[in-house]
file work-v1.cif (mmCIF, C-alpha atoms)
data_work
loop_
_atom_site.group_PDB
_atom_site.id
_atom_site.type_symbol
_atom_site.label_atom_id
_atom_site.label_comp_id
_atom_site.auth_asym_id
_atom_site.auth_seq_id
_atom_site.Cartn_x
_atom_site.Cartn_y
_atom_site.Cartn_z
ATOM 1 C CA MET E 1 -36.244 -1.546 39.954
ATOM 2 C CA THR E 2 -33.631 0.826 41.314
ATOM 3 C CA ALA E 3 -32.772 4.245 39.896
ATOM 4 C CA THR E 4 -29.450 2.896 38.595
ATOM 5 C CA GLN E 5 -31.165 0.098 36.687
ATOM 6 C CA THR E 6 -33.727 2.551 35.298
ATOM 7 C CA SER E 7 -30.982 4.856 34.015
ATOM 8 C CA ARG E 8 -29.309 1.935 32.262
ATOM 9 C CA THR E 9 -32.455 0.972 30.374
ATOM 10 C CA VAL E 10 -33.263 4.472 29.107
ATOM 11 C CA LYS E 11 -31.687 5.010 25.702
ATOM 12 C CA PRO E 12 -30.544 8.464 24.673
ATOM 13 C CA PRO E 13 -32.474 10.080 21.812
ATOM 14 C CA ARG E 14 -31.192 9.151 18.378
ATOM 15 C CA GLU E 15 -29.214 11.933 16.785
ATOM 16 C CA ASN E 16 -29.975 12.853 13.206
ATOM 17 C CA PRO E 17 -26.997 12.581 10.827
ATOM 18 C CA TYR E 18 -28.159 15.714 9.005
ATOM 19 C CA ARG E 19 -29.065 19.278 9.977
ATOM 20 C CA THR E 20 -32.759 19.849 10.498
ATOM 21 C CA ARG E 21 -34.552 23.024 9.509
ATOM 22 C CA GLY E 22 -33.864 25.805 11.970
ATOM 23 C CA SER E 23 -30.884 24.028 13.510
ATOM 24 C CA ALA E 24 -27.736 26.047 14.169
ATOM 25 C CA ASP E 25 -25.410 23.025 13.990
ATOM 26 C CA ILE E 26 -23.389 23.967 10.907
ATOM 27 C CA MET E 27 -21.089 20.962 11.382
ATOM 28 C CA LYS E 28 -23.825 18.685 10.009
ATOM 29 C CA PRO E 29 -24.866 18.673 6.352
ATOM 30 C CA SER E 30 -28.399 19.321 5.237
ATOM 31 C CA LEU E 31 -30.562 16.415 4.077
ATOM 32 C CA GLY E 32 -29.899 17.276 0.432
ATOM 33 C CA GLY E 33 -26.181 17.628 1.097
ATOM 34 C CA LEU E 34 -26.099 14.261 2.871
ATOM 35 C CA ILE E 35 -27.871 12.547 -0.034
ATOM 36 C CA GLY E 36 -25.531 14.210 -2.520
ATOM 37 C CA LYS E 37 -22.481 13.139 -0.539
ATOM 38 C CA TYR E 38 -23.508 9.496 -0.478
ATOM 39 C CA ALA E 39 -24.482 9.607 -4.153
ATOM 40 C CA LEU E 40 -21.029 10.949 -4.996
ATOM 41 C CA LEU E 41 -19.394 8.270 -2.844
ATOM 42 C CA LEU E 42 -21.400 5.553 -4.584
ATOM 43 C CA GLY E 43 -20.371 6.944 -7.975
ATOM 44 C CA VAL E 44 -16.694 6.966 -7.055
ATOM 45 C CA LEU E 45 -17.032 3.469 -5.597
ATOM 46 C CA ALA E 46 -18.584 2.215 -8.831
ATOM 47 C CA LEU E 47 -15.771 3.729 -10.910
ATOM 48 C CA MET E 48 -13.132 2.111 -8.723
ATOM 49 C CA VAL E 49 -14.730 -1.283 -8.125
ATOM 50 C CA PHE E 50 -16.300 -1.982 -11.525
ATOM 51 C CA PRO E 51 -12.994 -2.677 -13.392
ATOM 52 C CA PHE E 52 -12.027 -5.169 -10.703
ATOM 53 C CA LEU E 53 -15.408 -6.902 -10.829
ATOM 54 C CA TRP E 54 -15.314 -7.024 -14.630
ATOM 55 C CA GLN E 55 -11.817 -8.514 -14.582
ATOM 56 C CA MET E 56 -12.825 -11.133 -12.028
ATOM 57 C CA SER E 57 -15.966 -11.965 -13.995
ATOM 58 C CA THR E 58 -13.936 -12.321 -17.194
ATOM 59 C CA SER E 59 -11.519 -14.709 -15.510
ATOM 60 C CA LEU E 60 -14.425 -16.999 -14.564
ATOM 61 C CA LYS E 61 -16.140 -17.057 -17.956
ATOM 62 C CA GLY E 62 -15.776 -19.881 -20.440
ATOM 63 C CA ALA E 63 -14.857 -19.611 -24.104
ATOM 64 C CA SER E 64 -18.508 -19.688 -25.199
ATOM 65 C CA GLU E 65 -19.435 -16.516 -23.271
ATOM 66 C CA ASN E 66 -19.055 -13.090 -24.804
ATOM 67 C CA ILE E 67 -17.054 -10.880 -22.465
ATOM 68 C CA TYR E 68 -17.776 -7.716 -24.484
ATOM 69 C CA ASP E 69 -21.556 -7.625 -24.044
ATOM 70 C CA PHE E 70 -23.127 -4.243 -23.344
ATOM 71 C CA PRO E 71 -24.333 -3.737 -20.752
ATOM 72 C CA PRO E 72 -21.697 -6.050 -19.352
ATOM 73 C CA SER E 73 -22.765 -9.185 -17.529
ATOM 74 C CA LEU E 74 -20.802 -9.507 -14.307
ATOM 75 C CA ILE E 75 -22.262 -12.883 -13.356
ATOM 76 C CA PRO E 76 -20.859 -15.742 -15.486
ATOM 77 C CA ALA E 77 -23.471 -18.087 -16.879
ATOM 78 C CA ALA E 78 -21.290 -21.095 -16.075
ATOM 79 C CA PRO E 79 -18.430 -20.117 -13.724
ATOM 80 C CA SER E 80 -15.273 -22.091 -14.380
ATOM 81 C CA LEU E 81 -11.736 -22.187 -12.984
ATOM 82 C CA ASP E 82 -10.258 -23.473 -16.263
ATOM 83 C CA ASN E 83 -8.597 -20.128 -16.969
ATOM 84 C CA TYR E 84 -6.829 -20.215 -13.596
ATOM 85 C CA ALA E 85 -5.720 -23.780 -14.234
ATOM 86 C CA GLU E 86 -4.330 -22.683 -17.590
ATOM 87 C CA VAL E 87 -2.276 -19.982 -15.865
ATOM 88 C CA PHE E 88 -0.774 -22.506 -13.457
ATOM 89 C CA ARG E 89 -0.025 -24.881 -16.325
ATOM 90 C CA THR E 90 1.690 -22.159 -18.350
ATOM 91 C CA ILE E 91 3.947 -20.489 -15.782
ATOM 92 C CA PRO E 92 5.315 -21.499 -12.339
ATOM 93 C CA VAL E 93 3.036 -19.146 -10.425
ATOM 94 C CA VAL E 94 4.092 -20.346 -6.976
ATOM 95 C CA ASP E 95 7.798 -19.827 -7.669
ATOM 96 C CA TYR E 96 7.243 -16.378 -9.139
ATOM 97 C CA ALA E 97 4.974 -15.388 -6.246
ATOM 98 C CA TRP E 98 7.638 -16.558 -3.792
ATOM 99 C CA HIS E 99 10.227 -14.353 -5.498
ATOM 100 C CA SER E 100 7.888 -11.366 -5.303
ATOM 101 C CA LEU E 101 7.185 -12.123 -1.652
ATOM 102 C CA LEU E 102 10.889 -12.205 -0.788
ATOM 103 C CA VAL E 103 11.495 -8.881 -2.507
ATOM 104 C CA GLY E 104 8.386 -7.371 -0.884
ATOM 105 C CA ILE E 105 9.268 -8.453 2.657
ATOM 106 C CA GLY E 106 12.850 -7.232 2.292
ATOM 107 C CA THR E 107 11.625 -3.900 0.924
ATOM 108 C CA VAL E 108 9.213 -3.446 3.829
ATOM 109 C CA ILE E 109 11.867 -4.170 6.455
ATOM 110 C CA THR E 110 14.506 -1.835 5.023
ATOM 111 C CA ASN E 111 12.062 0.976 4.303
ATOM 112 C CA VAL E 112 10.591 0.853 7.801
ATOM 113 C CA VAL E 113 13.994 0.781 9.507
ATOM 114 C CA PHE E 114 15.873 3.308 7.380
ATOM 115 C CA ALA E 115 12.927 5.644 6.817
ATOM 116 C CA THR E 116 12.237 5.761 10.565
ATOM 117 C CA LEU E 117 15.859 6.495 11.408
ATOM 118 C CA GLY E 118 16.160 9.064 8.630
ATOM 119 C CA GLY E 119 12.850 10.681 9.535
ATOM 120 C CA TYR E 120 13.905 10.915 13.175
ATOM 121 C CA ALA E 121 17.159 12.621 12.239
ATOM 122 C CA LEU E 122 15.563 15.073 9.801
ATOM 123 C CA GLY E 123 12.467 15.719 11.875
ATOM 124 C CA THR E 124 13.841 16.150 15.383
ATOM 125 C CA MET E 125 17.591 16.767 15.224
ATOM 126 C CA LYS E 126 19.410 19.987 14.385
ATOM 127 C CA PHE E 127 22.576 19.896 12.289
ATOM 128 C CA ARG E 128 24.326 21.957 9.644
ATOM 129 C CA PHE E 129 23.170 21.759 6.021
ATOM 130 C CA LYS E 130 19.989 20.014 7.050
ATOM 131 C CA TRP E 131 18.110 21.973 4.391
ATOM 132 C CA VAL E 132 20.519 20.645 1.757
ATOM 133 C CA VAL E 133 19.672 17.075 2.703
ATOM 134 C CA LEU E 134 15.957 17.837 2.560
ATOM 135 C CA ALA E 135 16.385 19.527 -0.813
ATOM 136 C CA ILE E 136 18.131 16.434 -2.165
ATOM 137 C CA PHE E 137 15.297 14.202 -0.978
ATOM 138 C CA PHE E 138 12.693 16.502 -2.495
ATOM 139 C CA SER E 139 14.594 16.745 -5.774
ATOM 140 C CA THR E 140 14.534 12.970 -6.183
ATOM 141 C CA LEU E 141 10.734 13.142 -6.256
ATOM 142 C CA LEU E 142 10.880 15.421 -9.299
ATOM 143 C CA VAL E 143 12.970 13.009 -11.355
ATOM 144 C CA PRO E 144 11.042 10.249 -13.173
ATOM 145 C CA GLY E 145 12.218 6.741 -12.369
ATOM 146 C CA GLU E 146 12.961 6.051 -16.037
ATOM 147 C CA VAL E 147 15.653 8.752 -16.003
ATOM 148 C CA THR E 148 17.751 6.867 -13.447
ATOM 149 C CA LEU E 149 17.004 3.425 -14.846
ATOM 150 C CA THR E 150 20.277 3.161 -16.769
ATOM 151 C CA SER E 151 22.445 4.351 -13.877
ATOM 152 C CA GLN E 152 20.696 1.965 -11.502
ATOM 153 C CA TYR E 153 21.253 -0.954 -13.828
ATOM 154 C CA LEU E 154 24.935 -0.118 -14.309
ATOM 155 C CA THR E 155 25.350 0.145 -10.531
ATOM 156 C CA VAL E 156 23.645 -3.172 -9.905
ATOM 157 C CA LYS E 157 25.621 -4.821 -12.698
ATOM 158 C CA SER E 158 28.942 -3.512 -11.352
ATOM 159 C CA LEU E 159 28.054 -5.067 -7.989
ATOM 160 C CA GLY E 160 27.506 -8.421 -9.669
ATOM 161 C CA LEU E 161 23.808 -8.439 -8.760
ATOM 162 C CA ALA E 162 22.322 -8.414 -12.260
ATOM 163 C CA ASN E 163 19.827 -11.222 -12.885
ATOM 164 C CA THR E 164 19.366 -11.767 -9.150
ATOM 165 C CA LEU E 165 16.605 -10.923 -6.689
ATOM 166 C CA TRP E 166 19.131 -8.854 -4.737
ATOM 167 C CA GLY E 167 19.414 -6.638 -7.794
ATOM 168 C CA VAL E 168 15.650 -6.255 -7.899
ATOM 169 C CA PHE E 169 15.481 -5.411 -4.206
ATOM 170 C CA LEU E 170 18.427 -3.022 -3.812
ATOM 171 C CA PRO E 171 17.154 0.173 -5.569
ATOM 172 C CA GLY E 172 13.902 0.080 -3.580
ATOM 173 C CA ALA E 173 15.517 -0.651 -0.213
ATOM 174 C CA VAL E 174 14.652 2.873 0.932
ATOM 175 C CA ALA E 175 12.490 5.411 -0.876
ATOM 176 C CA ALA E 176 12.846 9.173 -0.534
ATOM 177 C CA ILE E 177 9.100 9.644 -0.176
ATOM 178 C CA ASN E 178 9.048 7.279 2.802
ATOM 179 C CA VAL E 179 11.836 9.199 4.527
ATOM 180 C CA LEU E 180 9.915 12.438 4.013
ATOM 181 C CA LEU E 181 6.715 10.884 5.339
ATOM 182 C CA MET E 182 8.499 9.727 8.475
ATOM 183 C CA THR E 183 10.113 13.165 8.788
ATOM 184 C CA ALA E 184 6.677 14.774 8.815
ATOM 185 C CA ALA E 185 5.473 12.249 11.413
ATOM 186 C CA CYS E 186 8.473 12.844 13.674
ATOM 187 C CA ARG E 187 8.002 16.617 13.469
ATOM 188 C CA MET E 188 4.592 16.210 15.104
ATOM 189 C CA ILE E 189 6.251 14.981 18.298
ATOM 190 C CA PRO E 190 6.671 17.904 20.754
ATOM 191 C CA SER E 191 10.333 18.777 21.176
ATOM 192 C CA ASP E 192 9.729 19.342 24.891
ATOM 193 C CA THR E 193 8.942 15.649 25.297
ATOM 194 C CA LEU E 194 12.193 14.612 23.634
ATOM 195 C CA ASP E 195 14.170 17.192 25.615
ATOM 196 C CA ALA E 196 12.663 15.939 28.868
ATOM 197 C CA ALA E 197 13.626 12.389 27.983
ATOM 198 C CA THR E 198 17.172 13.519 27.214
ATOM 199 C CA ILE E 199 17.419 15.325 30.567
ATOM 200 C CA ASP E 200 16.232 12.138 32.282
ATOM 201 C CA GLY E 201 19.165 10.303 30.738
ATOM 202 C CA ALA E 202 17.489 8.559 27.793
ATOM 203 C CA ASN E 203 19.814 7.800 24.905
ATOM 204 C CA THR E 204 18.872 7.885 21.225
ATOM 205 C CA MET E 205 17.631 4.298 21.054
ATOM 206 C CA GLN E 206 15.518 4.759 24.189
ATOM 207 C CA ARG E 207 13.935 7.908 22.760
ATOM 208 C CA LEU E 208 13.216 6.060 19.529
ATOM 209 C CA ARG E 209 11.688 3.104 21.313
ATOM 210 C CA HIS E 210 9.639 4.783 24.024
ATOM 211 C CA ILE E 211 8.695 8.164 22.506
ATOM 212 C CA VAL E 212 9.142 8.220 18.743
ATOM 213 C CA TRP E 213 7.919 4.735 17.844
ATOM 214 C CA PRO E 214 4.530 4.890 19.678
ATOM 215 C CA ASN E 215 3.758 8.161 17.897
ATOM 216 C CA VAL E 216 4.786 7.205 14.362
ATOM 217 C CA ARG E 217 3.305 3.704 14.169
ATOM 218 C CA GLY E 218 0.484 5.024 12.025
ATOM 219 C CA MET E 219 2.874 6.404 9.439
ATOM 220 C CA VAL E 220 5.022 3.272 9.704
ATOM 221 C CA SER E 221 2.014 1.169 8.734
ATOM 222 C CA VAL E 222 1.445 3.438 5.730
ATOM 223 C CA VAL E 223 5.091 3.135 4.690
ATOM 224 C CA ALA E 224 5.078 -0.643 5.168
ATOM 225 C CA LEU E 225 1.916 -1.225 3.179
ATOM 226 C CA PHE E 226 2.881 1.071 0.319
ATOM 227 C CA ALA E 227 6.400 -0.349 0.193
ATOM 228 C CA PHE E 228 5.077 -3.891 -0.136
ATOM 229 C CA ILE E 229 2.533 -2.935 -2.783
ATOM 230 C CA GLY E 230 5.185 -1.060 -4.752
ATOM 231 C CA ALA E 231 7.595 -3.996 -4.620
ATOM 232 C CA TRP E 232 4.913 -6.564 -5.451
ATOM 233 C CA ASP E 233 3.491 -4.600 -8.397
ATOM 234 C CA ASP E 234 6.802 -3.384 -9.827
ATOM 235 C CA PHE E 235 7.232 -4.515 -13.408
ATOM 236 C CA LEU E 236 9.726 -2.344 -15.284
ATOM 237 C CA TRP E 237 12.739 -2.696 -12.993
ATOM 238 C CA PRO E 238 12.544 -6.498 -12.563
ATOM 239 C CA LEU E 239 12.065 -6.773 -16.332
ATOM 240 C CA VAL E 240 15.317 -4.853 -16.885
ATOM 241 C CA VAL E 241 17.387 -6.653 -14.252
ATOM 242 C CA LEU E 242 16.191 -10.227 -14.689
ATOM 243 C CA SER E 243 17.017 -12.214 -17.804
ATOM 244 C CA ASP E 244 16.619 -15.751 -16.478
ATOM 245 C CA PRO E 245 12.951 -16.880 -16.456
ATOM 246 C CA ALA E 246 13.711 -19.002 -13.381
ATOM 247 C CA SER E 247 14.287 -15.787 -11.378
ATOM 248 C CA TYR E 248 11.248 -13.836 -12.574
ATOM 249 C CA THR E 249 8.929 -12.116 -10.160
ATOM 250 C CA LEU E 250 5.181 -12.592 -10.517
ATOM 251 C CA THR E 251 4.492 -9.427 -12.504
ATOM 252 C CA VAL E 252 7.238 -10.195 -15.022
ATOM 253 C CA GLY E 253 6.099 -13.793 -15.292
ATOM 254 C CA MET E 254 2.561 -12.638 -16.061
ATOM 255 C CA GLN E 255 3.900 -10.851 -19.134
ATOM 256 C CA TYR E 256 4.290 -14.278 -20.702
ATOM 257 C CA LEU E 257 0.520 -14.638 -20.626
ATOM 258 C CA SER E 258 0.010 -11.407 -22.551
ATOM 259 C CA SER E 259 2.365 -12.543 -25.290
ATOM 260 C CA ASN E 260 1.080 -16.120 -25.613
ATOM 261 C CA PHE E 261 -2.610 -15.598 -24.853
ATOM 262 C CA ALA E 262 -3.246 -12.230 -26.494
ATOM 263 C CA ALA E 263 -6.272 -13.727 -28.246
ATOM 264 C CA ASN E 264 -7.681 -15.076 -24.966
ATOM 265 C CA PRO E 265 -8.218 -12.222 -22.508
ATOM 266 C CA ARG E 266 -9.865 -14.649 -20.086
ATOM 267 C CA VAL E 267 -6.522 -16.269 -19.241
ATOM 268 C CA ILE E 268 -4.874 -12.844 -18.967
ATOM 269 C CA ALA E 269 -7.645 -11.744 -16.596
ATOM 270 C CA ALA E 270 -7.100 -14.867 -14.492
ATOM 271 C CA GLY E 271 -3.398 -14.103 -14.247
ATOM 272 C CA THR E 272 -4.163 -10.524 -13.258
ATOM 273 C CA MET E 273 -6.482 -11.709 -10.496
ATOM 274 C CA ILE E 274 -3.843 -14.120 -9.194
ATOM 275 C CA ALA E 275 -1.378 -11.245 -8.916
ATOM 276 C CA LEU E 276 -3.947 -8.906 -7.381
ATOM 277 C CA VAL E 277 -5.616 -11.127 -4.803
ATOM 278 C CA PRO E 278 -2.626 -11.242 -2.361
ATOM 279 C CA ILE E 279 -2.639 -7.425 -2.178
ATOM 280 C CA ILE E 280 -6.361 -7.380 -1.435
ATOM 281 C CA VAL E 281 -6.022 -10.067 1.222
ATOM 282 C CA LEU E 282 -3.083 -8.253 2.812
ATOM 283 C CA PHE E 283 -4.947 -4.973 3.039
ATOM 284 C CA ALA E 284 -8.092 -6.688 4.303
ATOM 285 C CA VAL E 285 -6.097 -8.317 7.111
ATOM 286 C CA LEU E 286 -4.080 -5.234 8.036
ATOM 287 C CA GLN E 287 -6.644 -2.477 7.532
ATOM 288 C CA LYS E 288 -7.661 -2.551 11.208
ATOM 289 C CA TRP E 289 -4.128 -1.742 12.345
ATOM 290 C CA PHE E 290 -3.579 0.537 9.363
ATOM 291 C CA PHE E 291 -6.472 2.907 10.131
ATOM 292 C CA LYS E 292 -6.062 2.548 13.875
ATOM 293 C CA GLY E 293 -2.418 3.549 13.626
ATOM 294 C CA VAL E 294 -3.172 6.523 11.364
ATOM 295 C CA GLU E 295 -5.635 7.854 13.915
ATOM 296 C CA GLU E 296 -3.117 7.690 16.746
ATOM 297 C CA GLY E 297 -1.841 11.168 17.364
ATOM 298 C CA SER E 298 -1.348 11.504 21.095
ATOM 299 C CA VAL E 299 2.093 11.463 22.646
ATOM 300 C CA LYS E 300 2.768 8.259 24.525
ATOM 301 C CA GLY E 301 5.635 7.650 26.898
#
call {"tool": "encode", "arguments": {"input": "work-v1.cif", "output": "structure tokens"}}
result
Amino acid sequence: MTATQTSRTVKPPRENPYRTRGSADIMKPSLGGLIGKYALLLGVLALMVFPFLWQMSTSLKGASENIYDFPPSLIPAAPSLDNYAEVFRTIPVVDYAWHSLLVGIGTVITNVVFATLGGYALGTMKFRFKWVVLAIFFSTLLVPGEVTLTSQYLTVKSLGLANTLWGVFLPGAVAAINVLLMTAACRMIPSDTLDAATIDGANTMQRLRHIVWPNVRGMVSVVALFAFIGAWDDFLWPLVVLSDPASYTLTVGMQYLSSNFAANPRVIAAGTMIALVPIIVLFAVLQKWFFKGVEEGSVKG
């Protein structure tokens, strides 16, 4: 066996995840601190996951099972999909989900495009009254959405978009918080890099494509995911704009279950799970690119 082969077979010593007694490595927690950290994480995880598990368990339980037992039983004695079938028999779930999907995709596209362009302008360009524009964006975050609900509805109605999916989509086409997030991401790009590209003859679109975009993809993924979740889960605005049940989005359509099946929380839980599962699947599929993009911080040309 050669020296090279020997070096490949020797494994480096396993590093302890905690600080041993007498160690000067203050970046590692002590054994007690490590146990406490994981105990706290497990507690937070239980608080966040338990309502979802209880809701899913309730949706699978039959009428003979008591859903209010204490301690709660998360495993149904006889799992059944009858509650889900009842939801599909009561409302056109597929049509409502399609409406929500259209609004969500449109919201993602417009927020990514306009927030990126706006963030590039506010984060890298210099112009007069720039602080006024930033102040306006920040001020919109201080105003509750219910305050502007009437003005938004009157605007949409005057455009002839009331009771349409366009009316649902338009107010969320670009969000101030997304523009500010992209502004913060664009500010992290060194100005020297952009100036060098300008000296080399790159125009605005070339700088956006080759310098800005590779460095803000992480924030773009955050904006895209949050924009879709916000559009998919929105209830109040579609409820105000839409009056025709044939145009309802999924969240508004699920309200019908609460009114007709108030005495049967199992059906309501099934409807909630139907509305929630696409979000979970989407995040599960995109989380690799989501976290990978957030971690990208180096300047790429």
call {"tool": "atom_distance", "arguments": {"input": "work-v1.cif", "atom1": "atom CA of E:Met254", "atom2": "atom CA of E:Gly271"}}
result
6.4 Å
call {"tool": "residues_around", "arguments": {"input": "work-v1.cif", "residues": "stretch 43-54 of chain E", "least_positions_apart": "4", "cutoff": "9 Å", "atoms": "all atoms listed in the file", "output": "PyMOL selection string"}}
result
chain E and resi 38-39+58-59+67+72-74+273
call {"tool": "resolve_selection", "arguments": {"input": "work-v1.cif", "expression": "the PyMOL selection byres ((chain E and resi 219-228) around 8)", "output": "NGL selection string"}}
result
:E and (104-105 or 107-109 or 111-112 or 116 or 178 or 181-182 or 185 or 216-218 or 229-232 or 283 or 289-290 or 293-294)
call {"tool": "residues_near_point", "arguments": {"input": "work-v1.cif", "point": "(-18.2, -19.0, -17.7)", "cutoff": "10 Å", "atoms": "all atoms listed in the file", "output": "VMD selection string"}}
result
chain E and resid 57 to 67 75 to 83 266
call {"tool": "atom_distance", "arguments": {"input": "work-v1.cif", "atom1": "atom CA of E:Met56", "atom2": "atom CA of E:Ala246"}}
result
27.7 Å
call {"tool": "resolve_selection", "arguments": {"input": "work-v1.cif", "expression": "the PyMOL selection byres ((chain E and resi 119) around 7)", "output": "mmCIF file with C-alpha atoms, keeping the file's coordinate frame"}}
result
data_model
loop_
_atom_site.group_PDB
_atom_site.id
_atom_site.type_symbol
_atom_site.label_atom_id
_atom_site.label_comp_id
_atom_site.auth_asym_id
_atom_site.auth_seq_id
_atom_site.Cartn_x
_atom_site.Cartn_y
_atom_site.Cartn_z
ATOM 1 C CA ALA E 115 12.927 5.644 6.817
ATOM 2 C CA THR E 116 12.237 5.761 10.565
ATOM 3 C CA LEU E 117 15.859 6.495 11.408
ATOM 4 C CA GLY E 118 16.160 9.064 8.630
ATOM 5 C CA TYR E 120 13.905 10.915 13.175
ATOM 6 C CA ALA E 121 17.159 12.621 12.239
ATOM 7 C CA LEU E 122 15.563 15.073 9.801
ATOM 8 C CA GLY E 123 12.467 15.719 11.875
ATOM 9 C CA VAL E 179 11.836 9.199 4.527
ATOM 10 C CA LEU E 180 9.915 12.438 4.013
ATOM 11 C CA MET E 182 8.499 9.727 8.475
ATOM 12 C CA THR E 183 10.113 13.165 8.788
ATOM 13 C CA CYS E 186 8.473 12.844 13.674
#
call {"tool": "atom_distance", "arguments": {"input": "work-v1.cif", "atom1": "atom CA of E:Thr110", "atom2": "atom CA of E:Pro245"}}
result
26.3 Å
call {"tool": "build_atoms", "arguments": {"input": "work-v1.cif", "residues": "stretch 117-123 of chain E", "atoms": "all heavy atoms", "output": "PDB file, in the coordinates of the input"}}
result
ATOM      1  N   LEU E 117      14.632   5.864  10.915  1.00  0.00           N
ATOM      2  CA  LEU E 117      15.859   6.495  11.408  1.00  0.00           C
ATOM      3  C   LEU E 117      16.124   7.818  10.696  1.00  0.00           C
ATOM      4  O   LEU E 117      16.486   8.819  11.325  1.00  0.00           O
ATOM      5  CB  LEU E 117      17.040   5.542  11.210  1.00  0.00           C
ATOM      6  CG  LEU E 117      16.989   4.228  12.015  1.00  0.00           C
ATOM      7  CD1 LEU E 117      18.193   3.349  11.665  1.00  0.00           C
ATOM      8  CD2 LEU E 117      16.950   4.509  13.504  1.00  0.00           C
ATOM      9  N   GLY E 118      15.948   7.826   9.374  1.00  0.00           N
ATOM     10  CA  GLY E 118      16.160   9.064   8.630  1.00  0.00           C
ATOM     11  C   GLY E 118      15.137  10.121   8.989  1.00  0.00           C
ATOM     12  O   GLY E 118      15.473  11.309   9.112  1.00  0.00           O
ATOM     13  N   GLY E 119      13.867   9.718   9.149  1.00  0.00           N
ATOM     14  CA  GLY E 119      12.850  10.681   9.535  1.00  0.00           C
ATOM     15  C   GLY E 119      13.090  11.250  10.918  1.00  0.00           C
ATOM     16  O   GLY E 119      12.837  12.434  11.164  1.00  0.00           O
ATOM     17  N   TYR E 120      13.594  10.421  11.828  1.00  0.00           N
ATOM     18  CA  TYR E 120      13.905  10.915  13.175  1.00  0.00           C
ATOM     19  C   TYR E 120      15.019  11.954  13.118  1.00  0.00           C
ATOM     20  O   TYR E 120      14.934  12.998  13.778  1.00  0.00           O
ATOM     21  CB  TYR E 120      14.325   9.751  14.062  1.00  0.00           C
ATOM     22  CG  TYR E 120      14.887  10.171  15.397  1.00  0.00           C
ATOM     23  CD1 TYR E 120      14.050  10.628  16.408  1.00  0.00           C
ATOM     24  CD2 TYR E 120      16.259  10.112  15.646  1.00  0.00           C
ATOM     25  CE1 TYR E 120      14.563  11.018  17.635  1.00  0.00           C
ATOM     26  CE2 TYR E 120      16.772  10.493  16.867  1.00  0.00           C
ATOM     27  CZ  TYR E 120      15.923  10.952  17.855  1.00  0.00           C
ATOM     28  OH  TYR E 120      16.443  11.342  19.066  1.00  0.00           O
ATOM     29  N   ALA E 121      16.041  11.678  12.333  1.00  0.00           N
ATOM     30  CA  ALA E 121      17.159  12.621  12.239  1.00  0.00           C
ATOM     31  C   ALA E 121      16.723  13.937  11.596  1.00  0.00           C
ATOM     32  O   ALA E 121      17.063  15.026  12.081  1.00  0.00           O
ATOM     33  CB  ALA E 121      18.303  11.992  11.444  1.00  0.00           C
ATOM     34  N   LEU E 122      15.959  13.854  10.507  1.00  0.00           N
ATOM     35  CA  LEU E 122      15.563  15.073   9.801  1.00  0.00           C
ATOM     36  C   LEU E 122      14.432  15.811  10.500  1.00  0.00           C
ATOM     37  O   LEU E 122      14.295  17.030  10.345  1.00  0.00           O
ATOM     38  CB  LEU E 122      15.134  14.724   8.370  1.00  0.00           C
ATOM     39  CG  LEU E 122      16.242  14.196   7.443  1.00  0.00           C
ATOM     40  CD1 LEU E 122      15.656  13.747   6.115  1.00  0.00           C
ATOM     41  CD2 LEU E 122      17.305  15.260   7.219  1.00  0.00           C
ATOM     42  N   GLY E 123      13.615  15.090  11.260  1.00  0.00           N
ATOM     43  CA  GLY E 123      12.467  15.719  11.875  1.00  0.00           C
ATOM     44  C   GLY E 123      12.699  16.269  13.267  1.00  0.00           C
ATOM     45  O   GLY E 123      11.996  17.194  13.686  1.00  0.00           O
TER      46      GLY E 123
END
